[in-house]
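**Student:** Before I ask anything, let me first share the structure, which is written out below as structure tokens.
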Amino acid sequence: MKRYFGPYGGRFVPETLIPALEELERAFGRVTREKGFSEEFNALLRDYVGRPTPLYFASRLTRHLGGARIYLKREDLTHTGAHKINNALGQALLAKRMGKERLIAETGAGQHGVATATGAALVGLKCEIYMGAEDMKRQALNVFRMRLLGAEVTEVSLGSRTLKDAINEALRDWTTNVRTTHYVLGTVFGPHPYPTMVRMFQSVIGREARRQILKAEGRLPDCLIACVGGGSNAMGLFHAFLKDDVRMIGVEAGGKGIESGLHAARFAGGSVGVFQGCKSYLLQDEDGNVLGTHSVSAGLDYASVGPEHAFLRDAGRAEYTYATDDEALEAFELLSRTEGIIPALESAHALAEAVKLAPALPADRVIIVNLSGRGDKDVEHVARIKGALKR
Amino acid sequence: MGRIESLFNELKVRGRKAFIPYIMTGYPSLKKTEELVLLLEDCGADVIELGVPFTDPLADGPTIQAAAERAVRRGVTLRKVLGAVGRLRRKTSVPIVLMTYFNPVFKYGLESFVDDASGAGVDGLIVPDLPPDEAGDLIRLARPRDLSTVFLLAPTSTDERIRLVSRASTGFIYYVSLTGITGAALTIDGVMERMIRKIRTASAKPVAVGFGVKSPEDARAVAEISDGVIVGSSIVRMISDNYRGLERYLTSLRRAI
């Protein structure tokens, strides 16, 4: 299996973990060839997750923006409310086959934590989720959901108290309990084979969307848009279209603007580095220390980005831009009002790009936006922000 | 031959084991680090391991994390660590090994880094998040400059990893005593002895053991089955909590090894 995407990727972890990653790579390689596994996984995606998720033509949003036709890939309608469940279930099944007793995971917005806790409950494994103290505050509802599902949620009060610190703690736990524990990494990041494995479990998004748009429009879309934190929903959507003549746009968190330094736009504001297991773009200072990030959305608030995205960007195959907190919040409200769909703040970043792009395109063009998650978890957080704005 | 190789050869002839203390550079300050290196040497350190502060030390436990965080906040960078080693070289020839995460080195630029490190008088490198599989460039650049590249083995290491890591290591091989992070609780059991015996059948290079060594009793037990004992977290904790007891603690470790 390929360890690198061009110059990006690799396996930069302590030696203690190398045998576990080799074991994981072998097990993953085995199940991808095994019919029984994909049958079990696909049955769960259908009957438990509720796939295929609809590809919905957002006619009122399209009319409102007055340009390209906008379709939404409705990952928000999956069980647990975000695309994260696709990967978490895949890895839970794999861990069970590997004879592991316990799942651990990091979570930012809490969606991956909820998905992993769900997977653990479903296959009958113990579960511990690491979450930054800052994120636990802004995503309190998801903390409660994870506990309800039987997972232990451990607060991480180190460093910036967000996603990257939760990953450090999860890696430390894994280093300590590697024999009995599988680390369910939530995105297309980290040491090989995670970027490849997570992409494979998420690629169902793009396969469905491609089939659905061909049926609805009789042709391929002109453009795909997805938000990019680590980048799993974006890779999941993009992968099936890589060989097609389809424009692909990843949207990072612009926070309070690139000049402010308060953002998580790794391509716009970062440089190549090695962090948490792989080589990719990284927000770092000139001495190689990792910079703090900011985003209104916990799921995009991360200092690095999946290595395959770095590769696609350098190759010119995908473009990357960013949406600021304010733009995302506007899109959050716009979709709620025009379509009656409350999107996750992460997905609202992708919508914000559609809001900019669609009016500039003729009406016969077609855009697919990956609506990676639903916004229930963000309602309280947004209400707080709106209250603060009024004051 | 580098300073580290000749040191281990000499110890072997004398039937002794190496005492390898670790401190975090810049904790509590750079000036203090320079004093501490001299103190460590006075207390019988054979090799000194200098930690390079990094924001995300994922192989380290809470003690070293806290020290790193504080040193980062004080602006202690890899460049400043090399400066401190350069100054120390006017006062001591004790072998110095840097323990640094890979990103500061990568950002510095591998070629400039090995030039500046060997120019400053660094003898070896330990990069815990850089397994030999990813270290081809660093090894190639370090060899002609006589910089040792010390790689790690762990209780989970397979025979294949033992062969690979032994081959890539120069100076010594770092055996991680436990499945975990620095500062965790050490258990001295048959596993360590068995693993060290395995490593010895793969390589004639010295094997030093670190992670979790705290008491003189730990140090003695580890010294009996290895070529060197690395003590980190508990020294860093003494520096922060009980500086006055440090010298006595170091002496007791030295005696035990």
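In the structure tokens, the first chain shown is A, the next is B, and so on; residue numbers restart at 1 for each chain, and ligands run from 1 in the order shown.
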Find the residues in chain A near chain B: any atom within 6 Å counts, using only C-alpha atoms. Write them as a PDB file with all heavy atoms, in the first residue's frame.
**Tutor:**
ATOM      1  N   PHE A  12       5.181   9.147  10.650  1.00  0.00           N
ATOM      2  CA  PHE A  12       6.081   9.802  11.600  1.00  0.00           C
ATOM      3  C   PHE A  12       5.549   9.645  13.025  1.00  0.00           C
ATOM      4  O   PHE A  12       4.929  10.556  13.565  1.00  0.00           O
ATOM      5  CB  PHE A  12       6.232  11.286  11.241  1.00  0.00           C
ATOM      6  CG  PHE A  12       6.881  11.526   9.902  1.00  0.00           C
ATOM      7  CD1 PHE A  12       6.128  11.522   8.738  1.00  0.00           C
ATOM      8  CD2 PHE A  12       8.249  11.744   9.819  1.00  0.00           C
ATOM      9  CE1 PHE A  12       6.723  11.739   7.501  1.00  0.00           C
ATOM     10  CE2 PHE A  12       8.860  11.957   8.586  1.00  0.00           C
ATOM     11  CZ  PHE A  12       8.090  11.957   7.423  1.00  0.00           C
ATOM     12  N   VAL A  13       5.760   8.471  13.583  1.00  0.00           N
ATOM     13  CA  VAL A  13       5.268   8.206  14.941  1.00  0.00           C
ATOM     14  C   VAL A  13       6.334   7.464  15.731  1.00  0.00           C
ATOM     15  O   VAL A  13       7.239   6.875  15.156  1.00  0.00           O
ATOM     16  CB  VAL A  13       3.989   7.338  14.937  1.00  0.00           C
ATOM     17  CG1 VAL A  13       2.807   8.088  14.357  1.00  0.00           C
ATOM     18  CG2 VAL A  13       4.225   6.037  14.210  1.00  0.00           C
ATOM     19  N   PRO A  14       6.210   7.470  17.071  1.00  0.00           N
ATOM     20  CA  PRO A  14       7.150   6.715  17.887  1.00  0.00           C
ATOM     21  C   PRO A  14       7.160   5.232  17.518  1.00  0.00           C
ATOM     22  O   PRO A  14       6.140   4.673  17.111  1.00  0.00           O
ATOM     23  CB  PRO A  14       6.624   6.918  19.312  1.00  0.00           C
ATOM     24  CG  PRO A  14       5.908   8.217  19.272  1.00  0.00           C
ATOM     25  CD  PRO A  14       5.286   8.278  17.898  1.00  0.00           C
ATOM     26  N   THR A  16       7.095   2.602  19.181  1.00  0.00           N
ATOM     27  CA  THR A  16       6.127   1.749  19.883  1.00  0.00           C
ATOM     28  C   THR A  16       4.884   1.502  19.030  1.00  0.00           C
ATOM     29  O   THR A  16       4.285   0.429  19.096  1.00  0.00           O
ATOM     30  CB  THR A  16       5.717   2.419  21.217  1.00  0.00           C
ATOM     31  OG1 THR A  16       6.906   2.769  21.920  1.00  0.00           O
ATOM     32  CG2 THR A  16       4.865   1.505  22.064  1.00  0.00           C
ATOM     33  N   ASN A 168      -3.019  14.516  20.428  1.00  0.00           N
ATOM     34  CA  ASN A 168      -1.814  14.172  21.199  1.00  0.00           C
ATOM     35  C   ASN A 168      -2.152  13.199  22.320  1.00  0.00           C
ATOM     36  O   ASN A 168      -1.464  12.197  22.531  1.00  0.00           O
ATOM     37  CB  ASN A 168      -1.183  15.420  21.816  1.00  0.00           C
ATOM     38  CG  ASN A 168      -0.428  16.266  20.791  1.00  0.00           C
ATOM     39  OD1 ASN A 168       0.027  15.758  19.774  1.00  0.00           O
ATOM     40  ND2 ASN A 168      -0.299  17.549  21.062  1.00  0.00           N
ATOM     41  N   THR A 175      -0.265   4.722  22.551  1.00  0.00           N
ATOM     42  CA  THR A 175       1.091   4.251  22.797  1.00  0.00           C
ATOM     43  C   THR A 175       1.124   3.377  24.052  1.00  0.00           C
ATOM     44  O   THR A 175       1.862   2.399  24.130  1.00  0.00           O
ATOM     45  CB  THR A 175       2.042   5.456  22.969  1.00  0.00           C
ATOM     46  OG1 THR A 175       1.908   6.312  21.832  1.00  0.00           O
ATOM     47  CG2 THR A 175       3.490   5.023  23.075  1.00  0.00           C
ATOM     48  N   THR A 176       0.315   3.722  25.030  1.00  0.00           N
ATOM     49  CA  THR A 176       0.306   2.992  26.295  1.00  0.00           C
ATOM     50  C   THR A 176      -0.497   1.698  26.214  1.00  0.00           C
ATOM     51  O   THR A 176      -0.126   0.684  26.809  1.00  0.00           O
ATOM     52  CB  THR A 176      -0.275   3.899  27.409  1.00  0.00           C
ATOM     53  OG1 THR A 176       0.454   5.132  27.400  1.00  0.00           O
ATOM     54  CG2 THR A 176      -0.161   3.250  28.775  1.00  0.00           C
ATOM     55  N   VAL A 274       5.828  18.531   9.495  1.00  0.00           N
ATOM     56  CA  VAL A 274       5.530  17.149   9.896  1.00  0.00           C
ATOM     57  C   VAL A 274       4.846  17.211  11.255  1.00  0.00           C
ATOM     58  O   VAL A 274       5.414  17.727  12.214  1.00  0.00           O
ATOM     59  CB  VAL A 274       6.806  16.303   9.992  1.00  0.00           C
ATOM     60  CG1 VAL A 274       6.494  14.913  10.541  1.00  0.00           C
ATOM     61  CG2 VAL A 274       7.470  16.195   8.624  1.00  0.00           C
ATOM     62  N   ASP A 287      10.217  28.512  13.757  1.00  0.00           N
ATOM     63  CA  ASP A 287      11.026  27.527  14.467  1.00  0.00           C
ATOM     64  C   ASP A 287      10.387  26.147  14.465  1.00  0.00           C
ATOM     65  O   ASP A 287      10.872  25.236  15.135  1.00  0.00           O
ATOM     66  CB  ASP A 287      11.253  27.986  15.908  1.00  0.00           C
ATOM     67  CG  ASP A 287      12.036  29.287  15.933  1.00  0.00           C
ATOM     68  OD1 ASP A 287      13.176  29.283  15.455  1.00  0.00           O
ATOM     69  OD2 ASP A 287      11.485  30.306  16.376  1.00  0.00           O
ATOM     70  N   GLY A 288       9.292  25.997  13.754  1.00  0.00           N
ATOM     71  CA  GLY A 288       8.669  24.682  13.657  1.00  0.00           C
ATOM     72  C   GLY A 288       7.750  24.349  14.813  1.00  0.00           C
ATOM     73  O   GLY A 288       7.336  23.205  14.962  1.00  0.00           O
ATOM     74  N   ASN A 289       7.431  25.337  15.650  1.00  0.00           N
ATOM     75  CA  ASN A 289       6.404  25.086  16.659  1.00  0.00           C
ATOM     76  C   ASN A 289       5.030  25.312  16.030  1.00  0.00           C
ATOM     77  O   ASN A 289       4.873  26.126  15.120  1.00  0.00           O
ATOM     78  CB  ASN A 289       6.609  25.995  17.873  1.00  0.00           C
ATOM     79  CG  ASN A 289       7.667  25.427  18.801  1.00  0.00           C
ATOM     80  OD1 ASN A 289       7.605  24.250  19.182  1.00  0.00           O
ATOM     81  ND2 ASN A 289       8.653  26.232  19.141  1.00  0.00           N
TER      82      ASN A 289
END
**Student:** If you run DSSP on the backbone, which residues of stretch 71-246 of chain B are helix (DSSP H, G or I), as a PyMOL selection string?
**Tutor:** chain B and resi 71-73+78-88+102-108+110-120+132-134+136-145+159-168+190-202+216-225+233-241+243-246
**Student:** Got a sec: who's within 10 Å of A:Gly190, counting only C-alpha atoms, leaving out chain neighbours fewer than 3 positions off, as number ranges by chain?
**Tutor:** A: 9-13, 167, 185-187, 193-195, 230, 274-280, 304-307
**Student:** Applying 12 Å and only C-alpha atoms, which residues near A:Leu65 remain after dropping the ones on its own chain fewer than 3 positions away? List them as a PyMOL selection string.
**Tutor:** chain A and resi 58-62+68-70+331+334-335+338+351-363
**Student:** Selected residues, N, CA, C and O atoms, written as a JSON list (two decimals), in the first residue's frame, please.
**Tutor:**
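Output saved as again_16.json:
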[["chain", "number", "residue", "atom", "x", "y", "z"],
["A", 58, "ALA", "N", -31.43, 22.12, -4.04],
["A", 58, "ALA", "CA", -31.85, 23.23, -3.17],
["A", 58, "ALA", "C", -32.40, 24.35, -4.04],
["A", 58, "ALA", "O", -31.71, 25.31, -4.38],
["A", 59, "SER", "N", -33.69, 24.22, -4.42],
["A", 59, "SER", "CA", -34.25, 25.14, -5.42],
["A", 59, "SER", "C", -34.39, 26.56, -4.87],
["A", 59, "SER", "O", -34.15, 27.53, -5.57],
["A", 60, "ARG", "N", -34.78, 26.67, -3.59],
["A", 60, "ARG", "CA", -34.98, 28.02, -3.05],
["A", 60, "ARG", "C", -33.64, 28.73, -2.85],
["A", 60, "ARG", "O", -33.51, 29.92, -3.12],
["A", 61, "LEU", "N", -32.65, 28.00, -2.42],
["A", 61, "LEU", "CA", -31.31, 28.59, -2.28],
["A", 61, "LEU", "C", -30.78, 28.99, -3.66],
["A", 61, "LEU", "O", -30.21, 30.07, -3.85],
["A", 62, "THR", "N", -30.99, 28.10, -4.64],
["A", 62, "THR", "CA", -30.55, 28.38, -6.02],
["A", 62, "THR", "C", -31.21, 29.67, -6.53],
["A", 62, "THR", "O", -30.54, 30.55, -7.07],
["A", 68, "ALA", "N", -25.83, 29.24, -10.61],
["A", 68, "ALA", "CA", -25.73, 27.80, -10.80],
["A", 68, "ALA", "C", -26.73, 27.05, -9.92],
["A", 68, "ALA", "O", -27.16, 27.53, -8.88],
["A", 69, "ARG", "N", -27.09, 25.86, -10.42],
["A", 69, "ARG", "CA", -28.01, 25.00, -9.67],
["A", 69, "ARG", "C", -27.23, 24.32, -8.53],
["A", 69, "ARG", "O", -26.20, 23.70, -8.77],
["A", 70, "ILE", "N", -27.75, 24.43, -7.32],
["A", 70, "ILE", "CA", -27.03, 23.90, -6.15],
["A", 70, "ILE", "C", -27.70, 22.63, -5.62],
["A", 70, "ILE", "O", -28.90, 22.64, -5.30],
["A", 331, "ALA", "N", -24.03, 31.97, 6.12],
["A", 331, "ALA", "CA", -24.50, 30.83, 5.34],
["A", 331, "ALA", "C", -25.34, 29.89, 6.20],
["A", 331, "ALA", "O", -26.31, 29.29, 5.73],
["A", 334, "LEU", "N", -28.64, 31.49, 6.32],
["A", 334, "LEU", "CA", -29.27, 31.52, 5.00],
["A", 334, "LEU", "C", -29.90, 30.16, 4.65],
["A", 334, "LEU", "O", -31.04, 30.10, 4.20],
["A", 335, "LEU", "N", -29.17, 29.09, 4.88],
["A", 335, "LEU", "CA", -29.70, 27.77, 4.54],
["A", 335, "LEU", "C", -30.88, 27.43, 5.45],
["A", 335, "LEU", "O", -31.87, 26.84, 5.01],
["A", 338, "THR", "N", -33.80, 29.62, 3.94],
["A", 338, "THR", "CA", -34.28, 29.35, 2.59],
["A", 338, "THR", "C", -34.74, 27.91, 2.40],
["A", 338, "THR", "O", -35.65, 27.65, 1.62],
["A", 351, "LEU", "N", -20.91, 25.95, 2.29],
["A", 351, "LEU", "CA", -22.04, 26.72, 1.75],
["A", 351, "LEU", "C", -21.64, 28.16, 1.46],
["A", 351, "LEU", "O", -22.06, 28.75, 0.46],
["A", 352, "ALA", "N", -20.80, 28.73, 2.35],
["A", 352, "ALA", "CA", -20.38, 30.11, 2.17],
["A", 352, "ALA", "C", -19.66, 30.28, 0.84],
["A", 352, "ALA", "O", -19.79, 31.30, 0.15],
["A", 353, "GLU", "N", -18.89, 29.26, 0.44],
["A", 353, "GLU", "CA", -18.21, 29.32, -0.85],
["A", 353, "GLU", "C", -19.22, 29.23, -2.00],
["A", 353, "GLU", "O", -19.10, 29.93, -3.00],
["A", 354, "ALA", "N", -20.25, 28.40, -1.83],
["A", 354, "ALA", "CA", -21.29, 28.30, -2.85],
["A", 354, "ALA", "C", -22.01, 29.64, -3.00],
["A", 354, "ALA", "O", -22.38, 30.05, -4.11],
["A", 355, "VAL", "N", -22.19, 30.32, -1.87],
["A", 355, "VAL", "CA", -22.85, 31.63, -1.89],
["A", 355, "VAL", "C", -22.04, 32.63, -2.74],
["A", 355, "VAL", "O", -22.59, 33.43, -3.48],
["A", 356, "LYS", "N", -20.72, 32.52, -2.65],
["A", 356, "LYS", "CA", -19.86, 33.41, -3.45],
["A", 356, "LYS", "C", -19.82, 32.99, -4.92],
["A", 356, "LYS", "O", -19.81, 33.82, -5.82],
["A", 357, "LEU", "N", -19.79, 31.67, -5.13],
["A", 357, "LEU", "CA", -19.52, 31.16, -6.48],
["A", 357, "LEU", "C", -20.76, 31.12, -7.37],
["A", 357, "LEU", "O", -20.71, 31.50, -8.55],
["A", 358, "ALA", "N", -21.87, 30.64, -6.82],
["A", 358, "ALA", "CA", -23.05, 30.35, -7.66],
["A", 358, "ALA", "C", -23.55, 31.56, -8.46],
["A", 358, "ALA", "O", -23.83, 31.41, -9.66],
["A", 359, "PRO", "N", -23.65, 32.75, -7.86],
["A", 359, "PRO", "CA", -24.20, 33.88, -8.62],
["A", 359, "PRO", "C", -23.34, 34.26, -9.82],
["A", 359, "PRO", "O", -23.83, 34.84, -10.79],
["A", 360, "ALA", "N", -22.05, 33.90, -9.78],
["A", 360, "ALA", "CA", -21.15, 34.24, -10.88],
["A", 360, "ALA", "C", -21.23, 33.25, -12.03],
["A", 360, "ALA", "O", -20.66, 33.47, -13.09],
["A", 361, "LEU", "N", -21.97, 32.16, -11.83],
["A", 361, "LEU", "CA", -22.04, 31.12, -12.87],
["A", 361, "LEU", "C", -23.41, 31.16, -13.56],
["A", 361, "LEU", "O", -24.41, 31.53, -12.96],
["A", 362, "PRO", "N", -23.45, 30.74, -14.85],
["A", 362, "PRO", "CA", -24.74, 30.69, -15.55],
["A", 362, "PRO", "C", -25.67, 29.64, -14.93],
["A", 362, "PRO", "O", -25.22, 28.73, -14.24],
["A", 363, "ALA", "N", -26.95, 29.78, -15.22],
["A", 363, "ALA", "CA", -27.98, 28.96, -14.58],
["A", 363, "ALA", "C", -27.93, 27.49, -14.99],
["A", 363, "ALA", "O", -28.59, 26.66, -14.37]]
**Student:** If you measure from atom CA of A:Arg46 to atom CA of A:Ala240, what distance in Å do you get, rounded to one decimal?
**Tutor:**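 Atom-to-atom, atom CA of A:Arg46 to atom CA of A:Ala240, that is 19.1 Å.
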**Student:** Residues at most 8 Å from stretch 318-325 of chain A, counting only C-alpha atoms, excluding those fewer than 5 positions away in the same chain, as a ChimeraX atom specification?
**Tutor:** /A:247-257,265,267-268,295-297,309,312-313,349-350,352-353
**Student:** Give me the residues near A:Arg97 as a list in words, where near means some atom within 9 Å (using only C-alpha atoms) and where sequence neighbours in that chain fewer than 4 positions away do not count.
**Tutor:**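 Non-adjacent residues within range: Ala27, Ala92 and Leu93 of chain A.
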**Student:** Apply DSSP to the structure's backbone, then extract all residues of stretch 34-123 of chain A labelled strand (DSSP E or B) and return them as a ChimeraX atom specification.
**Tutor:** /A:55-57,69-74,82,102-107
**Student:** Deliver the residues from the most recent selection as a file, using N, CA, C and O atoms, as a compact mmCIF listing (two decimals), in the first residue's frame.
**Tutor:**
# COMPACT_ATOMS: atom_id res chain seq x y z
N LEU A 55 -29.38 13.22 -2.55
CA LEU A 55 -28.77 14.39 -3.18
C LEU A 55 -29.93 15.32 -3.47
O LEU A 55 -30.78 15.04 -4.31
N TYR A 56 -29.99 16.40 -2.76
CA TYR A 56 -31.18 17.24 -2.75
C TYR A 56 -30.93 18.50 -3.56
O TYR A 56 -29.93 19.20 -3.36
N PHE A 57 -31.84 18.79 -4.50
CA PHE A 57 -31.73 20.04 -5.25
C PHE A 57 -32.29 21.19 -4.42
O PHE A 57 -33.48 21.22 -4.12
N ARG A 69 -27.09 25.86 -10.42
CA ARG A 69 -28.01 25.00 -9.67
C ARG A 69 -27.23 24.32 -8.53
O ARG A 69 -26.20 23.70 -8.77
N ILE A 70 -27.75 24.43 -7.32
CA ILE A 70 -27.03 23.90 -6.15
C ILE A 70 -27.70 22.63 -5.62
O ILE A 70 -28.90 22.64 -5.30
N TYR A 71 -26.93 21.58 -5.57
CA TYR A 71 -27.38 20.33 -4.94
C TYR A 71 -26.65 20.16 -3.62
O TYR A 71 -25.47 20.52 -3.49
N LEU A 72 -27.35 19.59 -2.66
CA LEU A 72 -26.75 19.31 -1.36
C LEU A 72 -26.65 17.80 -1.17
O LEU A 72 -27.66 17.09 -1.31
N LYS A 73 -25.44 17.32 -0.87
CA LYS A 73 -25.30 15.90 -0.51
C LYS A 73 -25.59 15.82 0.98
O LYS A 73 -24.86 16.37 1.80
N ARG A 74 -26.69 15.11 1.30
CA ARG A 74 -27.27 15.22 2.63
C ARG A 74 -26.65 14.26 3.66
O ARG A 74 -27.35 13.42 4.23
N ALA A 82 -23.82 13.19 10.92
CA ALA A 82 -22.69 13.68 10.13
C ALA A 82 -22.02 12.51 9.42
O ALA A 82 -22.20 11.35 9.80
N ARG A 102 -11.01 -2.34 22.87
CA ARG A 102 -11.31 -0.97 23.27
C ARG A 102 -11.04 -0.03 22.09
O ARG A 102 -10.07 -0.22 21.36
N LEU A 103 -11.94 0.96 21.93
CA LEU A 103 -11.74 1.99 20.92
C LEU A 103 -11.44 3.31 21.62
O LEU A 103 -12.04 3.63 22.64
N ILE A 104 -10.50 4.06 21.05
CA ILE A 104 -10.31 5.43 21.51
C ILE A 104 -10.39 6.35 20.30
O ILE A 104 -10.18 5.91 19.17
N ALA A 105 -10.72 7.61 20.55
CA ALA A 105 -10.77 8.57 19.46
C ALA A 105 -10.61 9.97 20.00
O ALA A 105 -10.86 10.23 21.18
N GLU A 106 -10.18 10.87 19.12
CA GLU A 106 -10.17 12.28 19.41
C GLU A 106 -11.45 12.87 18.83
O GLU A 106 -12.03 12.29 17.90
N THR A 107 -11.87 14.00 19.35
CA THR A 107 -12.97 14.67 18.65
C THR A 107 -12.85 16.18 18.83
O THR A 107 -12.38 16.65 19.86
**Student:** Which polymer residues have any atom within 10 Å of an atom of B:Ile199, counting only C-alpha atoms, with same-chain residues fewer than 4 positions away left out, as a PyMOL selection string?
**Tutor:** chain B and resi 153+159+162-163+165-166+173+175+193-195+203-207
